[in-house]
Amino acid sequence: MCRRVTSAAGNRVRIRDATMMAAKDGSQVVMKNNPIYGSRSTEYGADMGKTLRSKMKILPALWALAALLAAPAPAQQQPRAPAANDPGRPNALLAQSVVIRSLQIVQANTLQELIDEALKNNPEITAAAHERDAARHRISPAGALEDPMLEAGFVNLPTDTWRFNAEDMTMKMLGVAQKLPYPGKRALRQDVAAKNAESAAFGYSETVSRVIRAVKVAYYDLALVDRSIELVQKNKLLVEQLLRIAEGRYSVGQGSQADVLKAQTQLAKMEEELVRMGRERRTMEADLAMALGRGVASAPLRAAMPRLEEADLKLEELHEAALRQRPQLRGLQSLIEKNQKALDLARKEYYPDFDLRFSYGQRDKMPDGTPRPDMISLTVAINLPIWQKNKLDPMVAEAQSMREAALSMYGAQKNELLAKLRQQVAIAEQSRESARLFETGILAQARLALESALAAYRVNRADFPMLLDAQMSVLTYEISHAGTIAAFNKALAEIDQLTGKSVAEARSISTEGEKR
């Protein structure tokens, strides 16, 4: 009897089943063309029936293994419970609970939903927004005049009579005073505040870009670990089938105890790997929740594995876009302009300010009743900026140093930006090429090698370690493939932040939210 099972790679695996005839009591069994037990037909007596029934335990395991290899998607099954005397049983149970918990979260969160949530709830973005608003509110006061001074009193009151009508110069005074900066100072102060607000606005945009990048990176890390857990769980079921095959062959004397122990050891290693991945998943989920601004009692998160999308990664174009759009660089440009305005303002301090005073004096009538006319006063006072060496020159030197520091910082950030762009473009291109190699060659060849090793093992042309190594190679390549896709998308997230594309995405999200 011959059956074919189509594998995930599209190849057919031929599984030969023996044609068996057996009495109900197992006294006679005729086996033909069974590659495990040989090609000759043999009749056994009733004393051999028990041995043959032990041999027949291998065939269901082979059928189950072939079905798992042919499955296009990982089966959602519970892992095999370890024996009670298994020293790795606590870790196995913990690993199983981690895997089951991850599989129970059916609905994965979309990346766009989480970005929307982060833009609304992340405290760093909220703080940056308040700082931006505060800087904007400082613009108008910076160019305003100081508050005027109101004065009231009396002048020239004689101390011998204490009378207001005794002397002609005695009067009750009411006055107002206003300080007036030298022309141009108020405008420069307002320009300094405006450039500072502009820099704060770019700082807010940079914070938004950084948070979006953090959400994307954490999301892709979580998606990778979820995919890795899924792959390890699937391959763990396959290794369990291999263990049953090894146990069946060992029970009839056709296999070695070393094969059984090797399979058990590999299962224990996979259970330990699930424990490690579960620990990493909790850490990555916490990082994503922090980027989202969620509290301790937040809903569980699950990420969908991203796709390998096409992206134009021309370094020159990306560099030009970064110089135009990167909020950090634009903020530094605003800082340079602010420091230039501050330098111009410091040079204006060599010119005096004005203090304008106007007062009105009311005089009483003379003792004989003759009226006295009231009097007014108008005075202008100026400060004398004579302390140039100790006060004004250092102020100008400080402003010049601040401007040069901003220019140097801008140059350093440009160099760092170009270096990071080169690095991330290289990572993205290498990850994309690796992922395509896995998809077009490595994975298909590894699966074919596994099917070939399984077929050879059934006819005693391959040993058990070769079959197990082929199975673990498939697992390693599948996890590596998922890792390259995640690395590619993480590199794109870094490039988006470096070029300022994340800010444009955030603005489009905000616009759509306002329309809704």
# chains A, B, ... in the order shown; residues from 1 in each chain; ligands from 1

call {"tool": "residues_around", "arguments": {"residues": "Lys420 of chain A", "least_positions_apart": "4", "cutoff": "8 Å", "atoms": "only C-alpha atoms", "output": "VMD selection string"}}
result
chain A and resid 416 424 498

call {"tool": "write_last_selection", "arguments": {"atoms": "N, CA, C and O atoms", "output": "tab-separated table (two decimals), in the first residue's frame"}}
result
chain	number	residue	atom	x	y	z
A	416	GLU	N	27.06	62.76	11.96
A	416	GLU	CA	26.50	61.59	12.63
A	416	GLU	C	25.29	61.06	11.87
A	416	GLU	O	25.09	59.84	11.75
A	424	GLN	N	22.29	52.16	8.55
A	424	GLN	CA	20.96	51.58	8.48
A	424	GLN	C	20.61	51.14	7.05
A	424	GLN	O	19.92	50.13	6.86
A	498	LEU	N	15.54	59.10	10.93
A	498	LEU	CA	16.69	59.90	10.51
A	498	LEU	C	16.32	60.90	9.42
A	498	LEU	O	16.87	62.01	9.37

call {"tool": "select_by_dssp", "arguments": {"residues": "segment 258-496 of chain A", "states": "helix (DSSP H, G or I)", "output": "PyMOL selection string"}}
result
chain A and resi 258-292+315-325+327-348+388-458+464-496

call {"tool": "residues_around", "arguments": {"residues": "Leu421 of chain A", "least_positions_apart": "3", "cutoff": "10 Å", "atoms": "only C-alpha atoms", "output": "number ranges by chain"}}
result
A: 313, 315-316, 318-319, 322, 415-418, 424-427, 491, 494-496, 498-499

call {"tool": "closest_residue", "arguments": {"among": "A:Leu475, A:Ala449, A:Ala166, A:Leu468", "to": "Arg372 of chain A", "atoms": "only C-alpha atoms"}}
result
A:Ala166

call {"tool": "closest_residue", "arguments": {"among": "A:Asp147, A:Glu206, A:Glu198, A:Asp191", "to": "Pro327 of chain A", "atoms": "only C-alpha atoms"}}
result
A:Glu206

call {"tool": "residues_around", "arguments": {"residues": "Thr476 of chain A", "least_positions_apart": "3", "cutoff": "12 Å", "atoms": "only C-alpha atoms", "output": "ChimeraX atom specification"}}
result
/A:228,231-232,235,270,438,442-443,446-447,469-473,479-483

call {"tool": "write_last_selection", "arguments": {"atoms": "N, CA and C atoms", "output": "mmCIF file, in the first residue's frame"}}
result
data_model
loop_
_atom_site.group_PDB
_atom_site.id
_atom_site.type_symbol
_atom_site.label_atom_id
_atom_site.label_comp_id
_atom_site.auth_asym_id
_atom_site.auth_seq_id
_atom_site.Cartn_x
_atom_site.Cartn_y
_atom_site.Cartn_z
ATOM 1 N N SER A 228 8.985 33.378 16.586
ATOM 2 C CA SER A 228 9.961 32.369 17.009
ATOM 3 C C SER A 228 9.321 31.354 17.940
ATOM 4 N N LEU A 231 7.278 29.030 15.831
ATOM 5 C CA LEU A 231 8.090 28.074 15.080
ATOM 6 C C LEU A 231 8.678 27.000 15.990
ATOM 7 N N VAL A 232 9.162 27.397 17.145
ATOM 8 C CA VAL A 232 9.722 26.408 18.077
ATOM 9 C C VAL A 232 8.645 25.435 18.527
ATOM 10 N N ASN A 235 7.959 22.970 15.632
ATOM 11 C CA ASN A 235 9.044 22.003 15.471
ATOM 12 C C ASN A 235 9.184 21.105 16.687
ATOM 13 N N MET A 270 14.621 22.590 23.547
ATOM 14 C CA MET A 270 13.567 23.415 22.953
ATOM 15 C C MET A 270 12.645 23.977 24.036
ATOM 16 N N PHE A 438 16.683 33.260 1.811
ATOM 17 C CA PHE A 438 15.933 32.266 2.584
ATOM 18 C C PHE A 438 14.674 31.845 1.827
ATOM 19 N N ILE A 442 17.233 28.762 0.494
ATOM 20 C CA ILE A 442 17.691 28.071 1.693
ATOM 21 C C ILE A 442 16.573 27.275 2.349
ATOM 22 N N LEU A 443 15.408 27.900 2.560
ATOM 23 C CA LEU A 443 14.318 27.205 3.247
ATOM 24 C C LEU A 443 13.815 26.017 2.428
ATOM 25 N N ALA A 446 16.364 23.253 2.642
ATOM 26 C CA ALA A 446 16.395 22.633 3.964
ATOM 27 C C ALA A 446 15.203 21.701 4.159
ATOM 28 N N ARG A 447 14.027 22.105 3.666
ATOM 29 C CA ARG A 447 12.846 21.245 3.796
ATOM 30 C C ARG A 447 12.984 19.999 2.931
ATOM 31 N N ASP A 469 19.113 16.387 13.000
ATOM 32 C CA ASP A 469 19.844 17.593 12.594
ATOM 33 C C ASP A 469 19.146 18.291 11.430
ATOM 34 N N ALA A 470 18.592 17.508 10.497
ATOM 35 C CA ALA A 470 17.870 18.124 9.386
ATOM 36 C C ALA A 470 16.647 18.880 9.881
ATOM 37 N N GLN A 471 15.938 18.288 10.862
ATOM 38 C CA GLN A 471 14.769 18.972 11.422
ATOM 39 C C GLN A 471 15.161 20.269 12.126
ATOM 40 N N MET A 472 16.232 20.255 12.910
ATOM 41 C CA MET A 472 16.658 21.453 13.636
ATOM 42 C C MET A 472 17.221 22.497 12.682
ATOM 43 N N SER A 473 17.786 22.069 11.565
ATOM 44 C CA SER A 473 18.260 23.043 10.578
ATOM 45 C C SER A 473 17.093 23.823 9.987
ATOM 46 N N ILE A 479 13.651 30.578 11.803
ATOM 47 C CA ILE A 479 13.812 31.670 12.756
ATOM 48 C C ILE A 479 14.732 32.743 12.185
ATOM 49 N N SER A 480 15.792 32.315 11.484
ATOM 50 C CA SER A 480 16.687 33.299 10.863
ATOM 51 C C SER A 480 15.972 34.105 9.790
ATOM 52 N N HIS A 481 15.106 33.460 9.044
ATOM 53 C CA HIS A 481 14.322 34.170 8.026
ATOM 54 C C HIS A 481 13.441 35.232 8.662
ATOM 55 N N ALA A 482 12.745 34.855 9.736
ATOM 56 C CA ALA A 482 11.925 35.842 10.443
ATOM 57 C C ALA A 482 12.781 36.966 11.017
ATOM 58 N N GLY A 483 13.978 36.618 11.480
ATOM 59 C CA GLY A 483 14.870 37.643 12.023
ATOM 60 C C GLY A 483 15.328 38.644 10.983
#

call {"tool": "atom_distance", "arguments": {"atom1": "atom CA of Ile386 of chain A", "atom2": "atom CA of Tyr350 of chain A"}}
result
8.3 Å

call {"tool": "atom_distance", "arguments": {"atom1": "atom CA of Pro306 of chain A", "atom2": "atom CA of Tyr477 of chain A"}}
result
17.4 Å

call {"tool": "closest_residue", "arguments": {"among": "A:Arg330, A:Lys185, A:Lys365, A:Lys501", "to": "Arg213 of chain A", "atoms": "only C-alpha atoms"}}
result
A:Lys501

call {"tool": "residues_around", "arguments": {"residues": "Ala144 of chain A", "least_positions_apart": "5", "cutoff": "12 Å", "atoms": "only C-alpha atoms", "output": "VMD selection string"}}
result
chain A and resid 138 to 139 179 to 181 185 to 190 193

call {"tool": "atom_distance", "arguments": {"atom1": "atom CA of Leu308 of chain A", "atom2": "atom CA of Leu292 of chain A"}}
result
24.8 Å

call {"tool": "residues_around", "arguments": {"residues": "segment 394-411 of chain A", "least_positions_apart": "2", "cutoff": "6 Å", "atoms": "only C-alpha atoms", "output": "ChimeraX atom specification"}}
result
/A:332,336,339,343,346,391-392,413-414

call {"tool": "residues_around", "arguments": {"residues": "Asp374 of chain A", "least_positions_apart": "3", "cutoff": "10 Å", "atoms": "only C-alpha atoms", "output": "PyMOL selection string"}}
result
chain A and resi 171-173+360-364+371
